[in-house]
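This is data-v2.txt (compact mmCIF, N, CA and C atoms).
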```txt
# COMPACT_ATOMS: atom_id res chain seq x y z
N MET T 243 0.84 -1.18 0.00
CA MET T 243 0.00 0.00 0.00
C MET T 243 0.88 1.24 0.00
N LYS T 244 0.52 2.16 -0.85
CA LYS T 244 1.28 3.40 -0.96
C LYS T 244 0.34 4.59 -0.82
N ILE T 245 0.79 5.61 -0.12
CA ILE T 245 0.00 6.82 0.01
C ILE T 245 -0.25 7.39 -1.39
N GLY T 246 -1.48 7.75 -1.66
CA GLY T 246 -1.86 8.29 -2.96
C GLY T 246 -2.35 7.24 -3.94
N GLU T 247 -2.14 5.96 -3.62
CA GLU T 247 -2.61 4.89 -4.50
C GLU T 247 -4.13 4.93 -4.58
N LYS T 248 -4.66 4.81 -5.80
CA LYS T 248 -6.11 4.82 -6.02
C LYS T 248 -6.53 3.51 -6.67
N ILE T 249 -7.64 2.99 -6.18
CA ILE T 249 -8.20 1.76 -6.73
C ILE T 249 -9.60 2.07 -7.22
N LYS T 250 -9.82 1.87 -8.51
CA LYS T 250 -11.15 2.11 -9.07
C LYS T 250 -12.01 0.87 -8.87
N PHE T 251 -13.25 1.08 -8.45
CA PHE T 251 -14.18 -0.02 -8.29
C PHE T 251 -14.73 -0.42 -9.65
N GLY T 252 -15.01 -1.70 -9.80
CA GLY T 252 -15.55 -2.25 -11.03
C GLY T 252 -15.89 -3.71 -10.83
N ASP T 253 -15.93 -4.50 -11.87
CA ASP T 253 -16.30 -5.90 -11.76
C ASP T 253 -15.32 -6.71 -10.92
N LYS T 254 -14.03 -6.32 -10.91
CA LYS T 254 -13.03 -7.08 -10.16
C LYS T 254 -12.74 -6.50 -8.78
N GLN T 255 -13.09 -5.25 -8.55
CA GLN T 255 -12.91 -4.57 -7.26
C GLN T 255 -14.25 -3.95 -6.90
N VAL T 256 -14.99 -4.59 -6.01
CA VAL T 256 -16.35 -4.16 -5.68
C VAL T 256 -16.43 -3.74 -4.22
N ALA T 257 -17.05 -2.59 -3.96
CA ALA T 257 -17.36 -2.19 -2.60
C ALA T 257 -18.72 -2.79 -2.25
N LEU T 258 -18.85 -3.31 -1.04
CA LEU T 258 -20.11 -3.90 -0.61
C LEU T 258 -20.75 -3.03 0.47
N LEU T 259 -22.04 -2.82 0.35
CA LEU T 259 -22.81 -2.03 1.31
C LEU T 259 -23.95 -2.89 1.82
N PHE T 260 -24.05 -2.99 3.13
CA PHE T 260 -25.13 -3.75 3.76
C PHE T 260 -26.00 -2.76 4.53
N THR T 261 -27.31 -2.80 4.29
CA THR T 261 -28.24 -1.89 4.96
C THR T 261 -29.30 -2.71 5.69
N ASP T 262 -30.11 -2.01 6.46
CA ASP T 262 -31.20 -2.70 7.15
C ASP T 262 -32.54 -2.51 6.42
N ASP T 263 -32.48 -2.14 5.13
CA ASP T 263 -33.70 -2.04 4.32
C ASP T 263 -34.37 -3.41 4.26
N ASN T 264 -35.68 -3.44 4.23
CA ASN T 264 -36.41 -4.71 4.25
C ASN T 264 -36.02 -5.65 3.13
N ASN T 265 -36.10 -5.20 1.89
CA ASN T 265 -35.86 -6.07 0.74
C ASN T 265 -34.54 -5.81 0.03
N ASP T 266 -33.94 -4.67 0.28
CA ASP T 266 -32.75 -4.26 -0.46
C ASP T 266 -31.56 -4.12 0.49
N ALA T 267 -31.14 -5.21 1.10
CA ALA T 267 -30.11 -5.13 2.14
C ALA T 267 -28.68 -5.25 1.60
N PHE T 268 -28.49 -5.79 0.40
CA PHE T 268 -27.14 -6.02 -0.15
C PHE T 268 -26.94 -5.19 -1.41
N TRP T 269 -25.93 -4.33 -1.40
CA TRP T 269 -25.66 -3.42 -2.50
C TRP T 269 -24.23 -3.60 -2.98
N ASP T 270 -24.04 -3.51 -4.30
CA ASP T 270 -22.71 -3.59 -4.92
C ASP T 270 -22.29 -2.22 -5.43
N GLY T 271 -21.09 -1.80 -5.05
CA GLY T 271 -20.53 -0.53 -5.54
C GLY T 271 -19.49 -0.80 -6.60
N ARG T 272 -19.88 -0.70 -7.84
CA ARG T 272 -18.96 -0.98 -8.96
C ARG T 272 -18.54 0.31 -9.68
N LYS T 273 -19.03 1.44 -9.21
CA LYS T 273 -18.67 2.72 -9.81
C LYS T 273 -18.20 3.63 -8.67
N GLY T 274 -16.91 3.89 -8.63
CA GLY T 274 -16.35 4.72 -7.57
C GLY T 274 -14.86 4.48 -7.43
N GLU T 275 -14.32 4.90 -6.28
CA GLU T 275 -12.87 4.85 -6.10
C GLU T 275 -12.50 4.85 -4.62
N MET T 276 -11.37 4.21 -4.32
CA MET T 276 -10.79 4.21 -2.98
C MET T 276 -9.37 4.76 -3.11
N GLU T 277 -8.96 5.58 -2.13
CA GLU T 277 -7.61 6.15 -2.14
C GLU T 277 -6.95 5.92 -0.78
N ILE T 278 -5.69 5.48 -0.81
CA ILE T 278 -4.91 5.31 0.41
C ILE T 278 -4.37 6.69 0.80
N THR T 279 -4.66 7.14 2.02
CA THR T 279 -4.24 8.47 2.45
C THR T 279 -3.16 8.45 3.52
N LYS T 280 -2.99 7.30 4.21
CA LYS T 280 -1.98 7.23 5.27
C LYS T 280 -1.58 5.77 5.46
N VAL T 281 -0.27 5.54 5.58
CA VAL T 281 0.26 4.23 5.93
C VAL T 281 1.30 4.49 7.02
N GLU T 282 1.04 3.90 8.19
CA GLU T 282 1.91 4.18 9.33
C GLU T 282 1.96 2.96 10.25
N ASN T 283 3.16 2.49 10.55
CA ASN T 283 3.34 1.33 11.41
C ASN T 283 2.50 0.16 10.91
N ASP T 284 1.54 -0.28 11.69
CA ASP T 284 0.70 -1.43 11.32
C ASP T 284 -0.68 -1.02 10.84
N TRP T 285 -0.86 0.23 10.40
CA TRP T 285 -2.18 0.73 10.01
C TRP T 285 -2.15 1.41 8.66
N ALA T 286 -3.29 1.35 7.98
CA ALA T 286 -3.48 2.11 6.75
C ALA T 286 -4.85 2.78 6.83
N GLU T 287 -4.93 3.98 6.27
CA GLU T 287 -6.19 4.73 6.25
C GLU T 287 -6.46 5.17 4.82
N GLY T 288 -7.72 5.45 4.57
CA GLY T 288 -8.08 5.94 3.26
C GLY T 288 -9.50 6.45 3.21
N LYS T 289 -9.87 6.88 2.03
CA LYS T 289 -11.21 7.40 1.80
C LYS T 289 -11.78 6.73 0.56
N PHE T 290 -13.09 6.77 0.42
CA PHE T 290 -13.73 6.15 -0.73
C PHE T 290 -15.08 6.78 -1.02
N PHE T 291 -15.53 6.57 -2.24
CA PHE T 291 -16.88 6.95 -2.66
C PHE T 291 -17.33 5.94 -3.69
N PHE T 292 -18.64 5.72 -3.78
CA PHE T 292 -19.16 4.82 -4.80
C PHE T 292 -20.67 4.98 -4.94
N THR T 293 -21.15 4.51 -6.08
CA THR T 293 -22.58 4.38 -6.34
C THR T 293 -22.92 2.91 -6.27
N ALA T 294 -23.89 2.57 -5.42
CA ALA T 294 -24.25 1.17 -5.20
C ALA T 294 -25.58 0.84 -5.84
N THR T 295 -25.67 -0.38 -6.37
CA THR T 295 -26.91 -0.89 -6.95
C THR T 295 -27.22 -2.25 -6.33
N THR T 296 -28.46 -2.69 -6.54
CA THR T 296 -28.88 -3.99 -6.07
C THR T 296 -29.72 -4.66 -7.14
N SER T 297 -29.76 -5.95 -7.14
CA SER T 297 -30.49 -6.68 -8.20
C SER T 297 -31.99 -6.67 -7.99
N THR T 298 -32.47 -6.26 -6.82
CA THR T 298 -33.90 -6.32 -6.55
C THR T 298 -34.67 -5.06 -6.90
N THR T 299 -33.96 -4.00 -7.30
CA THR T 299 -34.63 -2.74 -7.63
C THR T 299 -33.75 -1.91 -8.57
N ASN T 300 -34.32 -0.88 -9.13
CA ASN T 300 -33.56 0.04 -9.99
C ASN T 300 -32.98 1.21 -9.20
N LYS T 301 -33.17 1.24 -7.90
CA LYS T 301 -32.66 2.32 -7.06
C LYS T 301 -31.14 2.26 -6.97
N THR T 302 -30.54 3.38 -6.60
CA THR T 302 -29.11 3.44 -6.31
C THR T 302 -28.92 4.11 -4.96
N LYS T 303 -27.77 3.89 -4.37
CA LYS T 303 -27.37 4.60 -3.14
C LYS T 303 -26.00 5.21 -3.39
N GLU T 304 -25.84 6.44 -2.97
CA GLU T 304 -24.57 7.15 -3.13
C GLU T 304 -23.83 7.19 -1.80
N VAL T 305 -22.62 6.69 -1.77
CA VAL T 305 -21.73 6.83 -0.62
C VAL T 305 -20.70 7.86 -1.05
N THR T 306 -20.69 9.02 -0.39
CA THR T 306 -19.90 10.14 -0.90
C THR T 306 -18.67 10.49 -0.07
N ASP T 307 -18.61 10.06 1.17
CA ASP T 307 -17.53 10.50 2.05
C ASP T 307 -17.11 9.36 2.98
N GLY T 308 -16.76 8.21 2.40
CA GLY T 308 -16.38 7.04 3.19
C GLY T 308 -14.96 7.15 3.72
N PHE T 309 -14.72 6.53 4.86
CA PHE T 309 -13.41 6.51 5.50
C PHE T 309 -13.16 5.11 6.04
N PHE T 310 -11.90 4.64 5.98
CA PHE T 310 -11.55 3.37 6.59
C PHE T 310 -10.19 3.46 7.26
N ARG T 311 -10.01 2.60 8.25
CA ARG T 311 -8.73 2.42 8.92
C ARG T 311 -8.60 0.92 9.17
N ILE T 312 -7.55 0.31 8.63
CA ILE T 312 -7.38 -1.13 8.75
C ILE T 312 -6.01 -1.48 9.33
N SER T 313 -5.97 -2.60 10.01
CA SER T 313 -4.72 -3.10 10.55
C SER T 313 -3.96 -3.84 9.46
N LEU T 314 -2.67 -3.63 9.40
CA LEU T 314 -1.81 -4.35 8.47
C LEU T 314 -1.04 -5.44 9.19
N ASN T 315 -1.34 -5.65 10.44
CA ASN T 315 -0.67 -6.65 11.27
C ASN T 315 -1.29 -8.02 10.97
N ASN T 316 -0.53 -8.92 10.41
CA ASN T 316 -1.02 -10.24 10.04
C ASN T 316 -0.88 -11.27 11.15
N LYS T 317 -0.40 -10.86 12.30
CA LYS T 317 -0.23 -11.79 13.41
C LYS T 317 -1.59 -12.17 13.98
N LYS T 318 -1.74 -13.45 14.35
CA LYS T 318 -3.03 -13.89 14.90
C LYS T 318 -2.92 -14.17 16.37
```
Could you rewrite the structure in this file as structure tokens?
Amino acid sequence: MKIGEKIKFGDKQVALLFTDDNNDAFWDGRKGEMEITKVENDWAEGKFFFTATTSTTNKTKEVTDGFFRISLNNKK
């Protein structure tokens, strides 16, 4: 992981969104992007945005200001 690295979402890189909607709980984000903004010690941070769709409706959901922080420590 490198600071500034961008990953475009698509068929091979999909963001998943789970909601508590009655019938539309699983959404696929195939249009959008994730960017690595910080890599430090055993952690990485970044931001993302995407447009999500679901197979049960023609609706979309927009995620516009996503943030993540993940551990890079592989020790169990």
Report task. Please measure the separation of atom CA of T:Phe292 and atom N of T:Ser313, giving the value in Å to one decimal. Result -> 21.2 Å
Report task. Measuring atom to atom with only N, CA and C atoms, identify which of T:Glu304, T:Glu277, T:Glu287, T:Glu282 is nearest to T:Glu247. Result -> T:Glu277
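Closest approach to T:Ile312 among T:Asp284, T:Gly252, T:Lys244, T:Phe291: T:Asp284, based on all atoms listed in the file.
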Query raised in the report: T:Thr293: which residues within 9 Å, counting only C-alpha atoms, same-chain residues fewer than 6 positions away excluded, as a PyMOL selection string?
Result: chain T and resi 270-274+302-306
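Take atom C of T:Ala294 and atom CA of T:Val281: the distance between them is 28.6 Å.
Within 6.5 Å of T:Lys280, once only N, CA and C atoms are used and residues closer than 6 positions along the same chain are dropped, the contacting residues are Ile245, Gly246, Ala286, Glu287 and Gly288 of chain T.
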Can you list, as a PDB file with N, CA and C atoms, keeping the file's coordinate frame, every residue of chain T that DSSP puts in strand (DSSP E or B)?
```
ATOM      1  N   LYS T 248      -4.660   4.810  -5.800  1.00  0.00           N
ATOM      2  CA  LYS T 248      -6.110   4.820  -6.020  1.00  0.00           C
ATOM      3  C   LYS T 248      -6.530   3.510  -6.670  1.00  0.00           C
ATOM      4  N   ILE T 249      -7.640   2.990  -6.180  1.00  0.00           N
ATOM      5  CA  ILE T 249      -8.200   1.760  -6.730  1.00  0.00           C
ATOM      6  C   ILE T 249      -9.600   2.070  -7.220  1.00  0.00           C
ATOM      7  N   LYS T 250      -9.820   1.870  -8.510  1.00  0.00           N
ATOM      8  CA  LYS T 250     -11.150   2.110  -9.070  1.00  0.00           C
ATOM      9  C   LYS T 250     -12.010   0.870  -8.870  1.00  0.00           C
ATOM     10  N   PHE T 251     -13.250   1.080  -8.450  1.00  0.00           N
ATOM     11  CA  PHE T 251     -14.180  -0.020  -8.290  1.00  0.00           C
ATOM     12  C   PHE T 251     -14.730  -0.420  -9.650  1.00  0.00           C
ATOM     13  N   ALA T 257     -17.050  -2.590  -3.960  1.00  0.00           N
ATOM     14  CA  ALA T 257     -17.360  -2.190  -2.600  1.00  0.00           C
ATOM     15  C   ALA T 257     -18.720  -2.790  -2.250  1.00  0.00           C
ATOM     16  N   LEU T 258     -18.850  -3.310  -1.040  1.00  0.00           N
ATOM     17  CA  LEU T 258     -20.110  -3.900  -0.610  1.00  0.00           C
ATOM     18  C   LEU T 258     -20.750  -3.030   0.470  1.00  0.00           C
ATOM     19  N   LEU T 259     -22.040  -2.820   0.350  1.00  0.00           N
ATOM     20  CA  LEU T 259     -22.810  -2.030   1.310  1.00  0.00           C
ATOM     21  C   LEU T 259     -23.950  -2.890   1.820  1.00  0.00           C
ATOM     22  N   PHE T 260     -24.050  -2.990   3.130  1.00  0.00           N
ATOM     23  CA  PHE T 260     -25.130  -3.750   3.760  1.00  0.00           C
ATOM     24  C   PHE T 260     -26.000  -2.760   4.530  1.00  0.00           C
ATOM     25  N   PHE T 268     -28.490  -5.790   0.400  1.00  0.00           N
ATOM     26  CA  PHE T 268     -27.140  -6.020  -0.150  1.00  0.00           C
ATOM     27  C   PHE T 268     -26.940  -5.190  -1.410  1.00  0.00           C
ATOM     28  N   TRP T 269     -25.930  -4.330  -1.400  1.00  0.00           N
ATOM     29  CA  TRP T 269     -25.660  -3.420  -2.500  1.00  0.00           C
ATOM     30  C   TRP T 269     -24.230  -3.600  -2.980  1.00  0.00           C
ATOM     31  N   ASP T 270     -24.040  -3.510  -4.300  1.00  0.00           N
ATOM     32  CA  ASP T 270     -22.710  -3.590  -4.920  1.00  0.00           C
ATOM     33  C   ASP T 270     -22.290  -2.220  -5.430  1.00  0.00           C
ATOM     34  N   GLY T 271     -21.090  -1.800  -5.050  1.00  0.00           N
ATOM     35  CA  GLY T 271     -20.530  -0.530  -5.540  1.00  0.00           C
ATOM     36  C   GLY T 271     -19.490  -0.800  -6.600  1.00  0.00           C
ATOM     37  N   ARG T 272     -19.880  -0.700  -7.840  1.00  0.00           N
ATOM     38  CA  ARG T 272     -18.960  -0.980  -8.960  1.00  0.00           C
ATOM     39  C   ARG T 272     -18.540   0.310  -9.680  1.00  0.00           C
ATOM     40  N   LYS T 273     -19.030   1.440  -9.210  1.00  0.00           N
ATOM     41  CA  LYS T 273     -18.670   2.720  -9.810  1.00  0.00           C
ATOM     42  C   LYS T 273     -18.200   3.630  -8.670  1.00  0.00           C
ATOM     43  N   GLY T 274     -16.910   3.890  -8.630  1.00  0.00           N
ATOM     44  CA  GLY T 274     -16.350   4.720  -7.570  1.00  0.00           C
ATOM     45  C   GLY T 274     -14.860   4.480  -7.430  1.00  0.00           C
ATOM     46  N   GLU T 275     -14.320   4.900  -6.280  1.00  0.00           N
ATOM     47  CA  GLU T 275     -12.870   4.850  -6.100  1.00  0.00           C
ATOM     48  C   GLU T 275     -12.500   4.850  -4.620  1.00  0.00           C
ATOM     49  N   MET T 276     -11.370   4.210  -4.320  1.00  0.00           N
ATOM     50  CA  MET T 276     -10.790   4.210  -2.980  1.00  0.00           C
ATOM     51  C   MET T 276      -9.370   4.760  -3.110  1.00  0.00           C
ATOM     52  N   GLU T 277      -8.960   5.580  -2.130  1.00  0.00           N
ATOM     53  CA  GLU T 277      -7.610   6.150  -2.140  1.00  0.00           C
ATOM     54  C   GLU T 277      -6.950   5.920  -0.780  1.00  0.00           C
ATOM     55  N   ILE T 278      -5.690   5.480  -0.810  1.00  0.00           N
ATOM     56  CA  ILE T 278      -4.910   5.310   0.410  1.00  0.00           C
ATOM     57  C   ILE T 278      -4.370   6.690   0.800  1.00  0.00           C
ATOM     58  N   THR T 279      -4.660   7.140   2.020  1.00  0.00           N
ATOM     59  CA  THR T 279      -4.240   8.470   2.450  1.00  0.00           C
ATOM     60  C   THR T 279      -3.160   8.450   3.520  1.00  0.00           C
ATOM     61  N   LYS T 280      -2.990   7.300   4.210  1.00  0.00           N
ATOM     62  CA  LYS T 280      -1.980   7.230   5.270  1.00  0.00           C
ATOM     63  C   LYS T 280      -1.580   5.770   5.460  1.00  0.00           C
ATOM     64  N   VAL T 281      -0.270   5.540   5.580  1.00  0.00           N
ATOM     65  CA  VAL T 281       0.260   4.230   5.930  1.00  0.00           C
ATOM     66  C   VAL T 281       1.300   4.490   7.020  1.00  0.00           C
ATOM     67  N   GLU T 282       1.040   3.900   8.190  1.00  0.00           N
ATOM     68  CA  GLU T 282       1.910   4.180   9.330  1.00  0.00           C
ATOM     69  C   GLU T 282       1.960   2.960  10.250  1.00  0.00           C
ATOM     70  N   TRP T 285      -0.860   0.230  10.400  1.00  0.00           N
ATOM     71  CA  TRP T 285      -2.180   0.730  10.010  1.00  0.00           C
ATOM     72  C   TRP T 285      -2.150   1.410   8.660  1.00  0.00           C
ATOM     73  N   ALA T 286      -3.290   1.350   7.980  1.00  0.00           N
ATOM     74  CA  ALA T 286      -3.480   2.110   6.750  1.00  0.00           C
ATOM     75  C   ALA T 286      -4.850   2.780   6.830  1.00  0.00           C
ATOM     76  N   GLU T 287      -4.930   3.980   6.270  1.00  0.00           N
ATOM     77  CA  GLU T 287      -6.190   4.730   6.250  1.00  0.00           C
ATOM     78  C   GLU T 287      -6.460   5.170   4.820  1.00  0.00           C
ATOM     79  N   GLY T 288      -7.720   5.450   4.570  1.00  0.00           N
ATOM     80  CA  GLY T 288      -8.080   5.940   3.260  1.00  0.00           C
ATOM     81  C   GLY T 288      -9.500   6.450   3.210  1.00  0.00           C
ATOM     82  N   LYS T 289      -9.870   6.880   2.030  1.00  0.00           N
ATOM     83  CA  LYS T 289     -11.210   7.400   1.800  1.00  0.00           C
ATOM     84  C   LYS T 289     -11.780   6.730   0.560  1.00  0.00           C
ATOM     85  N   PHE T 290     -13.090   6.770   0.420  1.00  0.00           N
ATOM     86  CA  PHE T 290     -13.730   6.150  -0.730  1.00  0.00           C
ATOM     87  C   PHE T 290     -15.080   6.780  -1.020  1.00  0.00           C
ATOM     88  N   PHE T 291     -15.530   6.570  -2.240  1.00  0.00           N
ATOM     89  CA  PHE T 291     -16.880   6.950  -2.660  1.00  0.00           C
ATOM     90  C   PHE T 291     -17.330   5.940  -3.690  1.00  0.00           C
ATOM     91  N   PHE T 292     -18.640   5.720  -3.780  1.00  0.00           N
ATOM     92  CA  PHE T 292     -19.160   4.820  -4.800  1.00  0.00           C
ATOM     93  C   PHE T 292     -20.670   4.980  -4.940  1.00  0.00           C
ATOM     94  N   THR T 293     -21.150   4.510  -6.080  1.00  0.00           N
ATOM     95  CA  THR T 293     -22.580   4.380  -6.340  1.00  0.00           C
ATOM     96  C   THR T 293     -22.920   2.910  -6.270  1.00  0.00           C
ATOM     97  N   ALA T 294     -23.890   2.570  -5.420  1.00  0.00           N
ATOM     98  CA  ALA T 294     -24.250   1.170  -5.200  1.00  0.00           C
ATOM     99  C   ALA T 294     -25.580   0.840  -5.840  1.00  0.00           C
ATOM    100  N   THR T 295     -25.670  -0.380  -6.370  1.00  0.00           N
ATOM    101  CA  THR T 295     -26.910  -0.890  -6.950  1.00  0.00           C
ATOM    102  C   THR T 295     -27.220  -2.250  -6.330  1.00  0.00           C
ATOM    103  N   THR T 302     -30.540   3.380  -6.600  1.00  0.00           N
ATOM    104  CA  THR T 302     -29.110   3.440  -6.310  1.00  0.00           C
ATOM    105  C   THR T 302     -28.920   4.110  -4.960  1.00  0.00           C
ATOM    106  N   LYS T 303     -27.770   3.890  -4.370  1.00  0.00           N
ATOM    107  CA  LYS T 303     -27.370   4.600  -3.140  1.00  0.00           C
ATOM    108  C   LYS T 303     -26.000   5.210  -3.390  1.00  0.00           C
ATOM    109  N   GLU T 304     -25.840   6.440  -2.970  1.00  0.00           N
ATOM    110  CA  GLU T 304     -24.570   7.150  -3.130  1.00  0.00           C
ATOM    111  C   GLU T 304     -23.830   7.190  -1.800  1.00  0.00           C
ATOM    112  N   VAL T 305     -22.620   6.690  -1.770  1.00  0.00           N
ATOM    113  CA  VAL T 305     -21.730   6.830  -0.620  1.00  0.00           C
ATOM    114  C   VAL T 305     -20.700   7.860  -1.050  1.00  0.00           C
ATOM    115  N   THR T 306     -20.690   9.020  -0.390  1.00  0.00           N
ATOM    116  CA  THR T 306     -19.900  10.140  -0.900  1.00  0.00           C
ATOM    117  C   THR T 306     -18.670  10.490  -0.070  1.00  0.00           C
ATOM    118  N   ASP T 307     -18.610  10.060   1.170  1.00  0.00           N
ATOM    119  CA  ASP T 307     -17.530  10.500   2.050  1.00  0.00           C
ATOM    120  C   ASP T 307     -17.110   9.360   2.980  1.00  0.00           C
ATOM    121  N   GLY T 308     -16.760   8.210   2.400  1.00  0.00           N
ATOM    122  CA  GLY T 308     -16.380   7.040   3.190  1.00  0.00           C
ATOM    123  C   GLY T 308     -14.960   7.150   3.720  1.00  0.00           C
ATOM    124  N   PHE T 309     -14.720   6.530   4.860  1.00  0.00           N
ATOM    125  CA  PHE T 309     -13.410   6.510   5.500  1.00  0.00           C
ATOM    126  C   PHE T 309     -13.160   5.110   6.040  1.00  0.00           C
ATOM    127  N   PHE T 310     -11.900   4.640   5.980  1.00  0.00           N
ATOM    128  CA  PHE T 310     -11.550   3.370   6.590  1.00  0.00           C
ATOM    129  C   PHE T 310     -10.190   3.460   7.260  1.00  0.00           C
ATOM    130  N   ARG T 311     -10.010   2.600   8.250  1.00  0.00           N
ATOM    131  CA  ARG T 311      -8.730   2.420   8.920  1.00  0.00           C
ATOM    132  C   ARG T 311      -8.600   0.920   9.170  1.00  0.00           C
ATOM    133  N   ILE T 312      -7.550   0.310   8.630  1.00  0.00           N
ATOM    134  CA  ILE T 312      -7.380  -1.130   8.750  1.00  0.00           C
ATOM    135  C   ILE T 312      -6.010  -1.480   9.330  1.00  0.00           C
ATOM    136  N   SER T 313      -5.970  -2.600  10.010  1.00  0.00           N
ATOM    137  CA  SER T 313      -4.720  -3.100  10.550  1.00  0.00           C
ATOM    138  C   SER T 313      -3.960  -3.840   9.460  1.00  0.00           C
TER     139      SER T 313
END
```
Report summary line: In Å and to one decimal, atom C of T:Ile249 is distant from atom N of T:Asn315 by 21.0 Å
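Closest approach to T:Glu275 among T:Thr295, T:Gln255, T:Lys250, T:Phe310: T:Lys250, based on only N, CA and C atoms.
Proximity of T:Asp263, T:Phe251, T:Phe290, T:Thr299 to T:Met276, computed with only C-alpha atoms, is greatest for T:Phe290.
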